[in-house]
Structure formats: C-alpha cells, structure tokens
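> Enclosed is the structure file protein13.pdb (PDB, C-alpha atoms).
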```pdb
ATOM      1  CA  MET A   1     -52.374 -30.728 -11.769  1.00  0.00           C
ATOM      2  CA  THR A   2     -51.520 -29.300  -8.478  1.00  0.00           C
ATOM      3  CA  VAL A   3     -49.595 -32.379  -7.466  1.00  0.00           C
ATOM      4  CA  SER A   4     -47.763 -32.515 -10.799  1.00  0.00           C
ATOM      5  CA  ALA A   5     -46.708 -28.853 -10.628  1.00  0.00           C
ATOM      6  CA  THR A   6     -45.466 -29.172  -7.045  1.00  0.00           C
ATOM      7  CA  SER A   7     -43.507 -32.311  -7.838  1.00  0.00           C
ATOM      8  CA  SER A   8     -41.886 -30.659 -10.844  1.00  0.00           C
ATOM      9  CA  ALA A   9     -40.857 -27.639  -8.811  1.00  0.00           C
ATOM     10  CA  SER A  10     -39.361 -29.850  -6.141  1.00  0.00           C
ATOM     11  CA  THR A  11     -37.457 -31.924  -8.667  1.00  0.00           C
ATOM     12  CA  ALA A  12     -36.157 -28.919 -10.589  1.00  0.00           C
ATOM     13  CA  THR A  13     -35.080 -27.144  -7.456  1.00  0.00           C
ATOM     14  CA  THR A  14     -33.390 -30.234  -6.059  1.00  0.00           C
ATOM     15  CA  THR A  15     -31.566 -30.868  -9.329  1.00  0.00           C
ATOM     16  CA  THR A  16     -30.338 -27.283  -9.584  1.00  0.00           C
ATOM     17  CA  SER A  17     -29.221 -27.232  -5.965  1.00  0.00           C
ATOM     18  CA  SER A  18     -27.423 -30.554  -6.262  1.00  0.00           C
ATOM     19  CA  SER A  19     -25.673 -29.442  -9.415  1.00  0.00           C
ATOM     20  CA  SER A  20     -24.539 -26.209  -7.804  1.00  0.00           C
ATOM     21  CA  THR A  21     -23.390 -27.941  -4.653  1.00  0.00           C
ATOM     22  CA  SER A  22     -21.452 -30.648  -6.456  1.00  0.00           C
ATOM     23  CA  SER A  23     -19.669 -28.215  -8.764  1.00  0.00           C
ATOM     24  CA  ASN A  24     -18.890 -25.555  -6.223  1.00  0.00           C
ATOM     25  CA  SER A  25     -19.593 -25.294  -2.507  1.00  0.00           C
ATOM     26  CA  THR A  26     -19.822 -21.500  -2.843  1.00  0.00           C
ATOM     27  CA  LEU A  27     -23.027 -19.957  -4.221  1.00  0.00           C
ATOM     28  CA  THR A  28     -22.160 -17.898  -7.291  1.00  0.00           C
ATOM     29  CA  SER A  29     -24.150 -15.156  -8.995  1.00  0.00           C
ATOM     30  CA  SER A  30     -25.114 -17.591 -11.775  1.00  0.00           C
ATOM     31  CA  ASP A  31     -26.295 -20.186  -9.239  1.00  0.00           C
ATOM     32  CA  PHE A  32     -28.410 -17.593  -7.460  1.00  0.00           C
ATOM     33  CA  LEU A  33     -30.106 -16.490 -10.680  1.00  0.00           C
ATOM     34  CA  SER A  34     -30.687 -20.112 -11.825  1.00  0.00           C
ATOM     35  CA  LEU A  35     -32.444 -20.918  -8.565  1.00  0.00           C
ATOM     36  CA  LEU A  36     -34.656 -17.858  -8.896  1.00  0.00           C
ATOM     37  CA  VAL A  37     -35.603 -18.666 -12.511  1.00  0.00           C
ATOM     38  CA  SER A  38     -36.321 -22.304 -11.606  1.00  0.00           C
ATOM     39  CA  GLU A  39     -38.610 -21.154  -8.838  1.00  0.00           C
ATOM     40  CA  LEU A  40     -40.566 -18.907 -11.197  1.00  0.00           C
ATOM     41  CA  GLN A  41     -40.841 -21.621 -13.887  1.00  0.00           C
ATOM     42  CA  ASN A  42     -41.920 -24.415 -11.575  1.00  0.00           C
ATOM     43  CA  GLN A  43     -43.939 -22.666  -8.895  1.00  0.00           C
ATOM     44  CA  ASN A  44     -47.386 -23.990  -8.001  1.00  0.00           C
ATOM     45  CA  PRO A  45     -49.884 -21.923 -10.037  1.00  0.00           C
ATOM     46  CA  LEU A  46     -52.427 -22.378  -7.225  1.00  0.00           C
ATOM     47  CA  ASP A  47     -49.957 -20.980  -4.711  1.00  0.00           C
ATOM     48  CA  ALA A  48     -47.709 -18.608  -6.690  1.00  0.00           C
ATOM     49  CA  THR A  49     -44.883 -16.653  -5.100  1.00  0.00           C
ATOM     50  CA  SER A  50     -46.198 -13.395  -3.702  1.00  0.00           C
ATOM     51  CA  THR A  51     -45.062 -10.099  -5.217  1.00  0.00           C
ATOM     52  CA  THR A  52     -43.430  -9.127  -1.933  1.00  0.00           C
ATOM     53  CA  ASP A  53     -41.391 -12.340  -1.771  1.00  0.00           C
ATOM     54  CA  LEU A  54     -40.341 -11.952  -5.412  1.00  0.00           C
ATOM     55  CA  VAL A  55     -39.182  -8.363  -4.866  1.00  0.00           C
ATOM     56  CA  ASN A  56     -37.219  -9.431  -1.777  1.00  0.00           C
ATOM     57  CA  GLN A  57     -35.532 -12.205  -3.740  1.00  0.00           C
ATOM     58  CA  LEU A  58     -34.644  -9.866  -6.603  1.00  0.00           C
ATOM     59  CA  THR A  59     -33.257  -7.366  -4.108  1.00  0.00           C
ATOM     60  CA  SER A  60     -31.163 -10.089  -2.477  1.00  0.00           C
ATOM     61  CA  TYR A  61     -29.820 -11.076  -5.886  1.00  0.00           C
ATOM     62  CA  ALA A  62     -28.902  -7.449  -6.692  1.00  0.00           C
ATOM     63  CA  ASN A  63     -27.146  -7.063  -3.340  1.00  0.00           C
ATOM     64  CA  PHE A  64     -25.342 -10.371  -3.792  1.00  0.00           C
ATOM     65  CA  THR A  65     -24.018  -9.375  -7.216  1.00  0.00           C
ATOM     66  CA  SER A  66     -22.974  -5.947  -5.951  1.00  0.00           C
ATOM     67  CA  GLN A  67     -21.123  -7.480  -2.989  1.00  0.00           C
ATOM     68  CA  GLN A  68     -19.240  -9.833  -5.297  1.00  0.00           C
ATOM     69  CA  SER A  69     -18.162  -6.887  -7.444  1.00  0.00           C
ATOM     70  CA  ILE A  70     -17.002  -4.931  -4.386  1.00  0.00           C
ATOM     71  CA  ASN A  71     -14.987  -7.906  -3.102  1.00  0.00           C
ATOM     72  CA  THR A  72     -13.312  -8.338  -6.490  1.00  0.00           C
ATOM     73  CA  ASN A  73     -12.392  -4.651  -6.639  1.00  0.00           C
ATOM     74  CA  LEU A  74     -11.063  -4.678  -3.065  1.00  0.00           C
ATOM     75  CA  ASN A  75      -8.877  -7.705  -3.800  1.00  0.00           C
ATOM     76  CA  SER A  76      -7.515  -5.974  -6.880  1.00  0.00           C
ATOM     77  CA  LEU A  77      -6.841  -2.800  -4.890  1.00  0.00           C
ATOM     78  CA  ALA A  78      -5.081  -4.768  -2.132  1.00  0.00           C
ATOM     79  CA  SER A  79      -2.888  -6.489  -4.710  1.00  0.00           C
ATOM     80  CA  SER A  80      -1.945  -3.179  -6.319  1.00  0.00           C
ATOM     81  CA  PHE A  81      -1.194  -1.623  -2.927  1.00  0.00           C
ATOM     82  CA  SER A  82       1.016  -4.563  -1.961  1.00  0.00           C
ATOM     83  CA  SER A  83       2.973  -4.197  -5.217  1.00  0.00           C
ATOM     84  CA  LEU A  84       3.406  -0.472  -4.571  1.00  0.00           C
ATOM     85  CA  VAL A  85       4.669  -1.070  -1.026  1.00  0.00           C
ATOM     86  CA  THR A  86       7.126  -3.657  -2.329  1.00  0.00           C
ATOM     87  CA  LEU A  87       8.403  -1.273  -5.003  1.00  0.00           C
ATOM     88  CA  ASN A  88       8.900   1.500  -2.458  1.00  0.00           C
ATOM     89  CA  SER A  89      10.659  -0.876  -0.070  1.00  0.00           C
ATOM     90  CA  VAL A  90      13.266  -1.727  -2.706  1.00  0.00           C
ATOM     91  CA  ASN A  91      14.390   1.902  -2.584  1.00  0.00           C
ATOM     92  CA  TYR A  92      15.660   1.362   0.980  1.00  0.00           C
ATOM     93  CA  ILE A  93      18.309  -1.175  -0.064  1.00  0.00           C
ATOM     94  CA  GLY A  94      21.812   0.197   0.517  1.00  0.00           C
ATOM     95  CA  HIS A  95      20.611   3.009   2.782  1.00  0.00           C
ATOM     96  CA  THR A  96      21.169   3.381   6.521  1.00  0.00           C
ATOM     97  CA  VAL A  97      17.853   3.502   8.333  1.00  0.00           C
ATOM     98  CA  GLU A  98      16.438   3.751  11.834  1.00  0.00           C
ATOM     99  CA  ALA A  99      13.639   1.308  12.615  1.00  0.00           C
ATOM    100  CA  LYS A 100      11.375   0.509  15.544  1.00  0.00           C
ATOM    101  CA  THR A 101      12.710  -2.818  16.805  1.00  0.00           C
ATOM    102  CA  ASP A 102      14.939  -4.099  19.600  1.00  0.00           C
ATOM    103  CA  THR A 103      17.236  -6.635  17.925  1.00  0.00           C
ATOM    104  CA  SER A 104      20.430  -6.159  15.931  1.00  0.00           C
ATOM    105  CA  THR A 105      23.383  -8.231  14.736  1.00  0.00           C
ATOM    106  CA  LEU A 106      26.809  -7.550  16.223  1.00  0.00           C
ATOM    107  CA  SER A 107      28.975  -6.300  13.354  1.00  0.00           C
ATOM    108  CA  ASN A 108      32.565  -5.002  13.423  1.00  0.00           C
ATOM    109  CA  GLY A 109      32.506  -5.328  17.197  1.00  0.00           C
ATOM    110  CA  SER A 110      29.528  -3.050  17.856  1.00  0.00           C
ATOM    111  CA  ALA A 111      25.787  -2.536  17.526  1.00  0.00           C
ATOM    112  CA  THR A 112      23.903   0.751  17.554  1.00  0.00           C
ATOM    113  CA  PHE A 113      20.566   1.023  19.320  1.00  0.00           C
ATOM    114  CA  GLY A 114      18.285   3.899  20.215  1.00  0.00           C
ATOM    115  CA  TYR A 115      15.258   4.635  22.367  1.00  0.00           C
ATOM    116  CA  SER A 116      12.643   7.357  22.552  1.00  0.00           C
ATOM    117  CA  LEU A 117      11.392   8.931  25.789  1.00  0.00           C
ATOM    118  CA  SER A 118       8.126  10.815  26.146  1.00  0.00           C
ATOM    119  CA  SER A 119       9.765  13.100  28.723  1.00  0.00           C
ATOM    120  CA  ALA A 120      13.059  13.384  30.596  1.00  0.00           C
ATOM    121  CA  ALA A 121      13.967  10.350  32.678  1.00  0.00           C
ATOM    122  CA  SER A 122      15.796  10.416  35.998  1.00  0.00           C
ATOM    123  CA  ASP A 123      16.814   6.757  35.737  1.00  0.00           C
ATOM    124  CA  VAL A 124      17.632   4.776  32.571  1.00  0.00           C
ATOM    125  CA  SER A 125      18.779   1.162  32.763  1.00  0.00           C
ATOM    126  CA  ILE A 126      19.890  -0.791  29.700  1.00  0.00           C
ATOM    127  CA  SER A 127      20.484  -4.507  29.316  1.00  0.00           C
ATOM    128  CA  VAL A 128      21.630  -6.512  26.299  1.00  0.00           C
ATOM    129  CA  LYS A 129      20.614 -10.162  25.836  1.00  0.00           C
ATOM    130  CA  ASP A 130      21.871 -12.777  23.406  1.00  0.00           C
ATOM    131  CA  SER A 131      19.665 -14.937  21.168  1.00  0.00           C
ATOM    132  CA  SER A 132      19.217 -17.442  24.009  1.00  0.00           C
ATOM    133  CA  GLY A 133      17.839 -14.787  26.344  1.00  0.00           C
ATOM    134  CA  ASN A 134      20.956 -14.570  28.512  1.00  0.00           C
ATOM    135  CA  THR A 135      21.884 -11.091  29.750  1.00  0.00           C
ATOM    136  CA  VAL A 136      25.421 -10.330  28.545  1.00  0.00           C
ATOM    137  CA  TRP A 137      25.679  -6.651  29.476  1.00  0.00           C
ATOM    138  CA  THR A 138      23.954  -4.125  31.726  1.00  0.00           C
ATOM    139  CA  GLY A 139      24.491  -0.411  32.181  1.00  0.00           C
ATOM    140  CA  THR A 140      22.867   3.005  32.134  1.00  0.00           C
ATOM    141  CA  GLY A 141      21.903   5.432  29.419  1.00  0.00           C
ATOM    142  CA  THR A 142      21.019   9.069  28.846  1.00  0.00           C
ATOM    143  CA  GLY A 143      17.582  10.288  29.875  1.00  0.00           C
ATOM    144  CA  ASN A 144      16.866  13.147  27.482  1.00  0.00           C
ATOM    145  CA  ALA A 145      13.304  13.696  26.324  1.00  0.00           C
ATOM    146  CA  GLY A 146      12.943  12.465  22.729  1.00  0.00           C
ATOM    147  CA  SER A 147      15.553  10.374  20.923  1.00  0.00           C
ATOM    148  CA  ASN A 148      18.560   8.869  22.674  1.00  0.00           C
ATOM    149  CA  SER A 149      21.342   6.796  21.112  1.00  0.00           C
ATOM    150  CA  PHE A 150      23.336   3.924  22.551  1.00  0.00           C
ATOM    151  CA  THR A 151      26.251   2.084  20.906  1.00  0.00           C
ATOM    152  CA  TRP A 152      27.224  -1.195  22.500  1.00  0.00           C
ATOM    153  CA  ASP A 153      30.891  -2.129  22.029  1.00  0.00           C
ATOM    154  CA  GLY A 154      30.149  -5.845  21.818  1.00  0.00           C
ATOM    155  CA  LYS A 155      31.779  -6.675  25.157  1.00  0.00           C
ATOM    156  CA  ASP A 156      30.048  -8.580  27.927  1.00  0.00           C
ATOM    157  CA  SER A 157      29.957  -7.431  31.549  1.00  0.00           C
ATOM    158  CA  SER A 158      33.337  -9.109  32.142  1.00  0.00           C
ATOM    159  CA  GLY A 159      34.991  -7.187  29.314  1.00  0.00           C
ATOM    160  CA  ASN A 160      35.185 -10.113  26.894  1.00  0.00           C
ATOM    161  CA  GLN A 161      34.721  -9.219  23.233  1.00  0.00           C
ATOM    162  CA  LEU A 162      31.869 -11.231  21.740  1.00  0.00           C
ATOM    163  CA  SER A 163      32.033 -12.584  18.203  1.00  0.00           C
ATOM    164  CA  ASP A 164      30.438 -10.786  15.270  1.00  0.00           C
ATOM    165  CA  GLY A 165      27.344 -12.324  13.726  1.00  0.00           C
ATOM    166  CA  GLY A 166      25.331 -12.936  16.867  1.00  0.00           C
ATOM    167  CA  GLN A 167      21.938 -11.297  17.295  1.00  0.00           C
ATOM    168  CA  TYR A 168      21.415  -9.248  20.453  1.00  0.00           C
ATOM    169  CA  THR A 169      18.340  -7.628  21.935  1.00  0.00           C
ATOM    170  CA  ILE A 170      18.255  -4.398  23.926  1.00  0.00           C
ATOM    171  CA  SER A 171      15.921  -3.813  26.859  1.00  0.00           C
ATOM    172  CA  VAL A 172      15.434  -0.312  28.258  1.00  0.00           C
ATOM    173  CA  THR A 173      13.804   0.746  31.517  1.00  0.00           C
ATOM    174  CA  ALA A 174      13.293   4.516  31.829  1.00  0.00           C
ATOM    175  CA  THR A 175      11.430   6.199  34.666  1.00  0.00           C
ATOM    176  CA  ASN A 176      10.890   9.794  35.747  1.00  0.00           C
ATOM    177  CA  SER A 177      11.308  11.233  39.242  1.00  0.00           C
ATOM    178  CA  SER A 178       7.882   9.848  40.194  1.00  0.00           C
ATOM    179  CA  GLY A 179       8.851   6.333  39.169  1.00  0.00           C
ATOM    180  CA  ASN A 180       6.598   6.282  36.096  1.00  0.00           C
ATOM    181  CA  SER A 181       7.817   4.791  32.831  1.00  0.00           C
ATOM    182  CA  VAL A 182       8.543   7.324  30.062  1.00  0.00           C
ATOM    183  CA  LEU A 183       9.789   4.868  27.434  1.00  0.00           C
ATOM    184  CA  ASN A 184       8.100   5.109  24.030  1.00  0.00           C
ATOM    185  CA  TYR A 185       9.984   2.529  21.959  1.00  0.00           C
ATOM    186  CA  THR A 186      13.420   1.189  21.097  1.00  0.00           C
ATOM    187  CA  THR A 187      15.154   1.371  17.712  1.00  0.00           C
ATOM    188  CA  VAL A 188      18.125   0.028  15.789  1.00  0.00           C
ATOM    189  CA  THR A 189      20.199   1.770  13.136  1.00  0.00           C
ATOM    190  CA  GLY A 190      21.753  -0.136  10.257  1.00  0.00           C
ATOM    191  CA  THR A 191      22.061  -0.674   6.512  1.00  0.00           C
ATOM    192  CA  VAL A 192      19.256  -2.326   4.561  1.00  0.00           C
ATOM    193  CA  THR A 193      20.736  -5.288   2.694  1.00  0.00           C
ATOM    194  CA  GLY A 194      17.639  -7.049   1.389  1.00  0.00           C
ATOM    195  CA  ILE A 195      13.860  -7.315   1.198  1.00  0.00           C
ATOM    196  CA  ASP A 196      11.482 -10.197   1.919  1.00  0.00           C
ATOM    197  CA  THR A 197       8.163 -10.172   0.009  1.00  0.00           C
ATOM    198  CA  SER A 198       6.915 -13.601   1.089  1.00  0.00           C
ATOM    199  CA  THR A 199       4.272 -12.011   3.352  1.00  0.00           C
ATOM    200  CA  SER A 200       1.577  -9.401   2.719  1.00  0.00           C
ATOM    201  CA  THR A 201       3.739  -6.759   4.411  1.00  0.00           C
ATOM    202  CA  PRO A 202       7.284  -6.595   2.974  1.00  0.00           C
ATOM    203  CA  SER A 203      10.120  -6.917   5.486  1.00  0.00           C
ATOM    204  CA  LEU A 204      13.541  -5.318   5.208  1.00  0.00           C
ATOM    205  CA  THR A 205      16.774  -6.920   6.349  1.00  0.00           C
ATOM    206  CA  VAL A 206      18.514  -4.425   8.646  1.00  0.00           C
ATOM    207  CA  ASN A 207      21.753  -5.575  10.260  1.00  0.00           C
ATOM    208  CA  GLY A 208      20.770  -9.162   9.510  1.00  0.00           C
ATOM    209  CA  VAL A 209      17.392  -8.801  11.245  1.00  0.00           C
ATOM    210  CA  SER A 210      13.984  -8.793   9.545  1.00  0.00           C
ATOM    211  CA  VAL A 211      12.138  -5.499  10.118  1.00  0.00           C
ATOM    212  CA  SER A 212       8.698  -4.540   8.814  1.00  0.00           C
ATOM    213  CA  ALA A 213       8.834  -1.715   6.285  1.00  0.00           C
ATOM    214  CA  ALA A 214       6.106  -0.006   8.317  1.00  0.00           C
ATOM    215  CA  ASN A 215       8.526   0.301  11.261  1.00  0.00           C
ATOM    216  CA  ILE A 216      11.091   2.399   9.382  1.00  0.00           C
ATOM    217  CA  ILE A 217      11.046   5.843  11.002  1.00  0.00           C
ATOM    218  CA  GLY A 218      14.031   7.511   9.350  1.00  0.00           C
ATOM    219  CA  VAL A 219      16.719   7.295   6.684  1.00  0.00           C
ATOM    220  CA  THR A 220      20.084   8.683   7.762  1.00  0.00           C
ATOM    221  CA  SER A 221      22.131   8.117   4.601  1.00  0.00           C
TER     222      SER A 221
END
```
Could I get this structure in the form of structure tokens?

Amino acid sequence: MTVSATSSASTATTTTSSSSTSSNSTLTSSDFLSLLVSELQNQNPLDATSTTDLVNQLTSYANFTSQQSINTNLNSLASSFSSLVTLNSVNYIGHTVEAKTDTSTLSNGSATFGYSLSSAASDVSISVKDSSGNTVWTGTGTGNAGSNSFTWDGKDSSGNQLSDGGQYTISVTATNSSGNSVLNYTTVTGTVTGIDTSTSTPSLTVNGVSVSAANIIGVTS
C-alpha cells in the first residue's frame, strides 16, 4: 500500500506539472492550487505532510494570489496614468513652450535658445553645431543668475545665412570667477506642432524636434 500510494502521488504530481508546463510556462494561481490539492490527495498516508509544511504552502499560495492582484492593479493604474499624460500633452499643441533640451530647427532664419545659471557667471561661451556635429558658430552670452536667452540669427561664423529646416544644437560653457561651472541646463523655445504617443512617455514636437513632455518647464503663449 505504501508503494502504491507513493507511485500514485508521483504520477499525479508529474502529470499536473507537465500539463501546467506545456500549457503555460508561467505558474498561475490555478496551477498553484491544483498542485497543492494533488499533493493532499495523493500524499503517502504513512508519511503525511506535516501541519507546518501545509500552513507554509497555504501561506505561499495566499501571497502568490495577492501579488498577482497587486500586479494587475498596478498595470491598470500605469495604463490610466499614461492615458492621462497623453490627454494633457494634447493641450500643448499650438502653444509656444520652453523645454529642457539643446536642439532646435532653424526656422525663418533664426532659432531661440536659453540657458539657466545657478549663479552669476563671469564667462559664458556659446557654440552652435549642425546635425553632423560641425561647429558653425561660436560667441558669448549673458551671465545673469537664473534664466538667460539667446537668439541665433542662423548665420555661420563667416556670415553666411544657413538654410531653414536644419537642426542645430547649442552648447554652453558658463563659469564663475573661480572657474567653476554654474550651468544648470539649456532650453529651446518654440511652438508645439504635434505629439508622439508611441512610447510610454509622450513626446511633443517643438520646432521640429521631439521633446519629452516631462521636460516642458513653461508655456509662454
């Protein structure tokens, strides 16, 4: 009898496990409970599962089910939050915004950039690079603590007017009298013309450049 009971338990357990594995590589709540019931039905009566082991298994099952419920609720919450962010982002379309980024598209012969300084700077150097990384213009800027604005006229260092439509990146070096950097971040100002929701974080199209909605720091009009 002992041999028969042990063999039955082994067969039942193996069958249940194989069925679960073949149907789904992930252990579900139903699979967990089926394994537990099979164990109780087919255990060796001469060597039954101890009360402590049974309680531990039941506790594991309760925790497993609870974790599944929490994961489902979190996924639902994340989906709702993403939809809310997307809806709010749509409201930016048509408005002029300031965003934390360093790239803008040359339009109507100019591009407006900005930069923030943690304190007054004694030396501010600005360079503008094209999409290939070539420096097309260099100059200086204001060093006021806080926000500073810079409008590039679209001309290279030789005075040649560059064509509209190209994307240009600003690079700012700002140091105080001790030679320490006081640059916080750079910004661009432009009109939002579209929104991209293909990723988890919606992106806005500002002056032809994709900018994360989280990097919008102001709406000017």
> Please write as a ChimeraX atom specification the full residue list that the PyMOL selection byres ((chain A and resi 108) around 12) yields on this file.
/A:105-107,109-112,152-155,161-166,207
> Just to be explicit: take each residue in the selection above, keep C-alpha atoms, and write the result as a compact mmCIF listing (two decimals), in the coordinates of the input.

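Output file again-v8.txt follows:
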```txt
# COMPACT_ATOMS: atom_id res chain seq x y z
CA THR A 105 23.38 -8.23 14.74
CA LEU A 106 26.81 -7.55 16.22
CA SER A 107 28.98 -6.30 13.35
CA GLY A 109 32.51 -5.33 17.20
CA SER A 110 29.53 -3.05 17.86
CA ALA A 111 25.79 -2.54 17.53
CA THR A 112 23.90 0.75 17.55
CA TRP A 152 27.22 -1.20 22.50
CA ASP A 153 30.89 -2.13 22.03
CA GLY A 154 30.15 -5.84 21.82
CA LYS A 155 31.78 -6.68 25.16
CA GLN A 161 34.72 -9.22 23.23
CA LEU A 162 31.87 -11.23 21.74
CA SER A 163 32.03 -12.58 18.20
CA ASP A 164 30.44 -10.79 15.27
CA GLY A 165 27.34 -12.32 13.73
CA GLY A 166 25.33 -12.94 16.87
CA ASN A 207 21.75 -5.58 10.26
```
> Take the PyMOL selection byres ((chain A and resi 173) around 6), apply it to the structure above, and return the hits as number ranges by chain.
A: 124-125, 172, 174
> Go through A:Val97, A:Val136, A:Ala145, A:Ala120 one by one, measure the shortest atom-to-atom distance of each to A:Ile217 using all atoms listed in the file, and give the residue with the smallest value.
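The closest residue to A:Ile217 is A:Val97.
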> Calculate how many Å separate atom CA of A:Ser181 from atom CA of A:Ala121, rounding to one decimal.
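Between atom CA of A:Ser181 and atom CA of A:Ala121 the gap works out to 8.3 Å.
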> Identify, on the basis of all atoms listed in the file, every residue whose closest approach to A:Thr205 does not exceed 9 Å; exclude the query and any residue fewer than 5 positions from it along the same chain; express the result as a list in words.
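These residues fall inside the cut-off: Ile93, Thr191, Val192, Thr193, Gly194, Ile195, Asp196, Ser210, Val211 and Ser212 of chain A.
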> Just how far from atom CA of A:Ser171 is atom CA of A:Ser127, in Å to one decimal?
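One can read the atom CA of A:Ser127 to atom CA of A:Ser171 distance as 5.2 Å.
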> Take atom CA of A:Ala214 and atom CA of A:Thr169 and report the distance between them in Å, one decimal.
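For atom CA of A:Ala214 relative to atom CA of A:Thr169, the distance reads 19.8 Å.
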> Pick from A:Ser131, A:Ser157, A:Thr175, A:Thr52: nearest to A:Asp102, with only C-alpha atoms counted?
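Of all the options, A:Ser131 lies closest to A:Asp102.
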> When you count only C-alpha atoms, which of these residues is closest to A:Pro202: A:Val90, A:Lys100, A:Val188, A:Ser30?
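Going through A:Val90, A:Lys100, A:Val188, A:Ser30 one by one, the smallest distance to A:Pro202 is for A:Val90.
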> Excluding A:Ser122 and residues on its chain fewer than 4 positions from it, collect all residues at most 12 Å away from it, counting only C-alpha atoms, and give them as a list in words.
Leu117, Thr140, Gly141, Thr142, Gly143, Asn144, Ala145, Thr173, Ala174, Thr175, Asn176, Ser177, Ser178, Gly179, Asn180, Ser181, Val182 and Leu183 of chain A
> Would you write out, as a ChimeraX atom specification, every residue that the PyMOL selection byres ((chain A and resi 185) around 7) captures in this file?
/A:100,115-116,183-184,186-187
> Restricting it to C-alpha atoms, dump the selection as a PDB file, in the coordinates of the input.

```pdb
ATOM      1  CA  LYS A 100      11.375   0.509  15.544  1.00  0.00           C
ATOM      2  CA  TYR A 115      15.258   4.635  22.367  1.00  0.00           C
ATOM      3  CA  SER A 116      12.643   7.357  22.552  1.00  0.00           C
ATOM      4  CA  LEU A 183       9.789   4.868  27.434  1.00  0.00           C
ATOM      5  CA  ASN A 184       8.100   5.109  24.030  1.00  0.00           C
ATOM      6  CA  THR A 186      13.420   1.189  21.097  1.00  0.00           C
ATOM      7  CA  THR A 187      15.154   1.371  17.712  1.00  0.00           C
TER       8      THR A 187
END
```
> Which residue gives the smallest distance to A:Gly139 among A:Ile170, A:Ser38, A:Ser119, A:Asn56, with only C-alpha atoms counted?
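For A:Gly139, the nearest of the given residues is A:Ile170.
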